[in-house]
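Visitor: Provided herewith is a single structure, encoded as structure tokens, for subsequent inquiry.
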Amino acid sequence: MGKLTRLRYLNIGENTLTTLPEAIGRMTSLIELRAQHNRLTTLPDSIGRLRNLRELWLRGNTIEHLPPSTAELHELRHLDLRENFVSELPPSLAGLPRLRQIDLRSNRLSHLPDWLTLLPSMEKLDLRWNNIDPSLPLLTELERRGCVVLT
């Protein structure tokens, strides 16, 4: 897998994978990675080496947290974590300047970090089917800035 350094799109969804190999970090031309509906519990630290990655689709796994290396995904625009076990947003996402959409439907979130309002490109935040108070000032601020917030 690590020899596919020029591959731009990879769909490994619906394969009952429990892990992704560290070698995925050598696929440095990837723009879109789809690993939805597997049995992933986490991502390898090497995921941060995918510096061209724009879309990361992880819906329908059992992921509880993302590795700190996701802070290196500066081109990331779309993050789909729908239907996982995420209970808090990792601080590693705070410095992603191009992140526009985060889908967190059906997770275990009960609070949100203040840094969400600092994401300059945020256009859509989907929080449905979590235990989030829709009247949070943080959500009001996001909406004021033009972000569509679904609770």
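Numbering starts fresh at 1 for the residues of each chain in the structure tokens, the chains themselves are lettered A, B, ... in the order given, and ligands are numbered from 1 as they appear.
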Within 10 Å of Ala71 (chain A), counting only C-alpha atoms, which residues qualify if same-chain residues fewer than 6 places away don't, as a list of chain:residue names?
Guide: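 Listing them by chain and then by number gives A:Ile47, A:Gly48, A:Pro90, A:Pro91, A:Ser92, A:Leu93, A:Ala94, A:Gly95, A:Leu96.
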Visitor: Go ahead and save the residues from that selection, with C-alpha atoms, as a PDB file, in the first residue's frame.
Guide:
```
ATOM      1  CA  ILE A  47      -2.146   9.815   8.841  1.00  0.00           C
ATOM      2  CA  GLY A  48      -0.585  13.213   9.502  1.00  0.00           C
ATOM      3  CA  PRO A  90      -9.399  16.720  19.579  1.00  0.00           C
ATOM      4  CA  PRO A  91      -7.352  19.916  19.871  1.00  0.00           C
ATOM      5  CA  SER A  92      -5.395  18.730  16.828  1.00  0.00           C
ATOM      6  CA  LEU A  93      -8.239  20.015  14.637  1.00  0.00           C
ATOM      7  CA  ALA A  94      -7.931  23.555  16.020  1.00  0.00           C
ATOM      8  CA  GLY A  95      -5.182  24.597  13.620  1.00  0.00           C
ATOM      9  CA  LEU A  96      -6.689  23.387  10.356  1.00  0.00           C
TER      10      LEU A  96
END
```
Visitor: Name the residues in contact with Asn107 (chain A) at a cut-off of 7 Å, using only C-alpha atoms, excluding same-chain residues fewer than 5 positions from it; report them as a ChimeraX atom specification.
Guide: /A:82-87,130
Visitor: Just write the chosen residues, N, CA and C atoms, as a PDB file, in the first residue's frame.
Guide:
```
ATOM      1  N   ARG A  82     -19.250  10.857  11.313  1.00  0.00           N
ATOM      2  CA  ARG A  82     -20.613  10.441  11.663  1.00  0.00           C
ATOM      3  C   ARG A  82     -20.637   8.972  12.116  1.00  0.00           C
ATOM      4  N   GLU A  83     -21.467   8.705  13.128  1.00  0.00           N
ATOM      5  CA  GLU A  83     -21.693   7.339  13.627  1.00  0.00           C
ATOM      6  C   GLU A  83     -20.417   6.681  14.130  1.00  0.00           C
ATOM      7  N   ASN A  84     -19.730   7.376  15.038  1.00  0.00           N
ATOM      8  CA  ASN A  84     -18.564   6.834  15.719  1.00  0.00           C
ATOM      9  C   ASN A  84     -18.777   6.978  17.223  1.00  0.00           C
ATOM     10  N   PHE A  85     -17.722   6.902  18.003  1.00  0.00           N
ATOM     11  CA  PHE A  85     -17.820   7.003  19.459  1.00  0.00           C
ATOM     12  C   PHE A  85     -17.055   8.205  19.996  1.00  0.00           C
ATOM     13  N   VAL A  86     -16.974   9.266  19.212  1.00  0.00           N
ATOM     14  CA  VAL A  86     -16.224  10.460  19.599  1.00  0.00           C
ATOM     15  C   VAL A  86     -16.949  11.168  20.746  1.00  0.00           C
ATOM     16  N   SER A  87     -16.230  11.390  21.846  1.00  0.00           N
ATOM     17  CA  SER A  87     -16.832  12.077  22.992  1.00  0.00           C
ATOM     18  C   SER A  87     -16.312  13.501  23.151  1.00  0.00           C
ATOM     19  N   ASN A 130     -26.389  14.087  19.138  1.00  0.00           N
ATOM     20  CA  ASN A 130     -25.424  14.157  20.228  1.00  0.00           C
ATOM     21  C   ASN A 130     -26.140  14.828  21.392  1.00  0.00           C
TER      22      ASN A 130
END
```
Visitor: Neighbours of region 52-65 of chain A within 8 Å (only C-alpha atoms; same-chain residues fewer than 4 positions away dropped), as a VMD selection string?
Guide: chain A and resid 28 to 42 73 to 90
Visitor: Please produce a file of the residues just selected, as a compact mmCIF listing (two decimals), in the first residue's frame, where the atoms kept are N, CA and C atoms.
Guide:
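See result09.txt below for the written result:
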```txt
# COMPACT_ATOMS: atom_id res chain seq x y z
N THR A 28 1.37 9.89 -0.09
CA THR A 28 1.39 11.34 0.11
C THR A 28 0.62 12.15 -0.94
N SER A 29 0.17 11.54 -2.02
CA SER A 29 -0.61 12.26 -3.02
C SER A 29 -2.11 12.16 -2.78
N LEU A 30 -2.51 11.41 -1.76
CA LEU A 30 -3.94 11.23 -1.50
C LEU A 30 -4.62 12.57 -1.26
N ILE A 31 -5.73 12.77 -1.94
CA ILE A 31 -6.57 13.94 -1.74
C ILE A 31 -7.84 13.54 -0.99
N GLU A 32 -8.30 12.32 -1.23
CA GLU A 32 -9.52 11.84 -0.59
C GLU A 32 -9.33 10.42 -0.10
N LEU A 33 -9.65 10.20 1.16
CA LEU A 33 -9.58 8.87 1.77
C LEU A 33 -10.95 8.54 2.33
N ARG A 34 -11.51 7.46 1.83
CA ARG A 34 -12.82 6.98 2.31
C ARG A 34 -12.61 5.63 3.00
N ALA A 35 -12.87 5.63 4.29
CA ALA A 35 -12.73 4.41 5.08
C ALA A 35 -13.98 4.20 5.93
N GLN A 36 -15.12 4.52 5.35
CA GLN A 36 -16.38 4.44 6.09
C GLN A 36 -16.87 3.00 6.22
N HIS A 37 -17.66 2.78 7.25
CA HIS A 37 -18.30 1.49 7.52
C HIS A 37 -17.31 0.33 7.58
N ASN A 38 -16.30 0.52 8.41
CA ASN A 38 -15.37 -0.54 8.75
C ASN A 38 -15.50 -0.78 10.26
N ARG A 39 -14.47 -1.26 10.87
CA ARG A 39 -14.46 -1.47 12.33
C ARG A 39 -13.25 -0.76 12.95
N LEU A 40 -12.90 0.38 12.39
CA LEU A 40 -11.74 1.13 12.87
C LEU A 40 -12.01 1.72 14.25
N THR A 41 -11.04 1.62 15.13
CA THR A 41 -11.15 2.23 16.45
C THR A 41 -10.29 3.48 16.57
N THR A 42 -9.30 3.59 15.71
CA THR A 42 -8.42 4.75 15.67
C THR A 42 -7.75 4.81 14.30
N LEU A 73 -2.75 17.96 8.92
CA LEU A 73 -3.57 17.85 7.71
C LEU A 73 -4.09 19.24 7.30
N HIS A 74 -3.18 20.14 6.96
CA HIS A 74 -3.53 21.54 6.71
C HIS A 74 -4.39 21.77 5.48
N GLU A 75 -4.49 20.81 4.58
CA GLU A 75 -5.35 20.95 3.40
C GLU A 75 -6.75 20.37 3.63
N LEU A 76 -6.98 19.75 4.78
CA LEU A 76 -8.26 19.08 5.04
C LEU A 76 -9.41 20.08 5.01
N ARG A 77 -10.44 19.74 4.22
CA ARG A 77 -11.61 20.58 4.09
C ARG A 77 -12.87 19.92 4.63
N HIS A 78 -12.93 18.61 4.53
CA HIS A 78 -14.14 17.87 4.93
C HIS A 78 -13.74 16.70 5.83
N LEU A 79 -14.36 16.64 7.00
CA LEU A 79 -14.11 15.55 7.95
C LEU A 79 -15.45 14.93 8.32
N ASP A 80 -15.64 13.68 7.97
CA ASP A 80 -16.86 12.96 8.28
C ASP A 80 -16.57 11.92 9.37
N LEU A 81 -17.05 12.21 10.56
CA LEU A 81 -16.91 11.28 11.70
C LEU A 81 -18.27 10.78 12.17
N ARG A 82 -19.25 10.86 11.31
CA ARG A 82 -20.61 10.44 11.66
C ARG A 82 -20.64 8.97 12.12
N GLU A 83 -21.47 8.70 13.13
CA GLU A 83 -21.69 7.34 13.63
C GLU A 83 -20.42 6.68 14.13
N ASN A 84 -19.73 7.38 15.04
CA ASN A 84 -18.56 6.83 15.72
C ASN A 84 -18.78 6.98 17.22
N PHE A 85 -17.72 6.90 18.00
CA PHE A 85 -17.82 7.00 19.46
C PHE A 85 -17.05 8.21 20.00
N VAL A 86 -16.97 9.27 19.21
CA VAL A 86 -16.22 10.46 19.60
C VAL A 86 -16.95 11.17 20.75
N SER A 87 -16.23 11.39 21.85
CA SER A 87 -16.83 12.08 22.99
C SER A 87 -16.31 13.50 23.15
N GLU A 88 -15.21 13.82 22.50
CA GLU A 88 -14.71 15.20 22.50
C GLU A 88 -13.90 15.45 21.24
N LEU A 89 -13.94 16.70 20.79
CA LEU A 89 -13.17 17.07 19.60
C LEU A 89 -11.71 17.25 19.98
N PRO A 90 -10.82 16.62 19.23
CA PRO A 90 -9.40 16.72 19.58
C PRO A 90 -8.83 18.09 19.26
```
Visitor: Just to confirm, what's the straight-line distance from CA of Glu141 (chain A) to CA of Ser110 (chain A) in Å (one decimal)?
Guide: 18.1 Å
Visitor: When distances are computed from only C-alpha atoms, which of A:Val149, A:Leu66, A:Leu99, A:Met1 shows the smallest separation from Leu136 (chain A)?
Guide: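 Of all the options, A:Val149 lies closest to Leu136 (chain A).
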Visitor: Can you list, as a tab-separated table (two decimals) with C-alpha atoms, in the first residue's frame, every protein, DNA or RNA residue that comes within 9 Å of Met27 (chain A) when you count only C-alpha atoms, leaving out same-chain residues fewer than 3 positions away?
Guide:
```tsv
chain	number	residue	atom	x	y	z
A	1	MET	CA	0.00	0.00	0.00
A	2	GLY	CA	2.80	2.43	0.82
A	3	LYS	CA	4.17	2.11	-2.72
A	4	LEU	CA	1.09	3.83	-4.15
A	5	THR	CA	2.60	7.28	-3.67
A	6	ARG	CA	0.82	8.85	-6.67
A	7	LEU	CA	-2.66	7.58	-5.81
A	8	ARG	CA	-5.06	10.48	-5.27
A	23	ALA	CA	2.13	2.57	5.40
A	24	ILE	CA	-0.89	4.68	4.51
A	30	LEU	CA	-3.94	11.23	-1.50
A	49	ARG	CA	1.83	12.69	6.62
A	50	LEU	CA	-1.04	12.95	4.12
```
Visitor: Compare A:Ser46, A:Asn11, A:Thr140, A:Thr16 by their minimum atom-to-atom distance to Thr117 (chain A), counting only C-alpha atoms, and give me the closest one.
Guide: A:Thr140
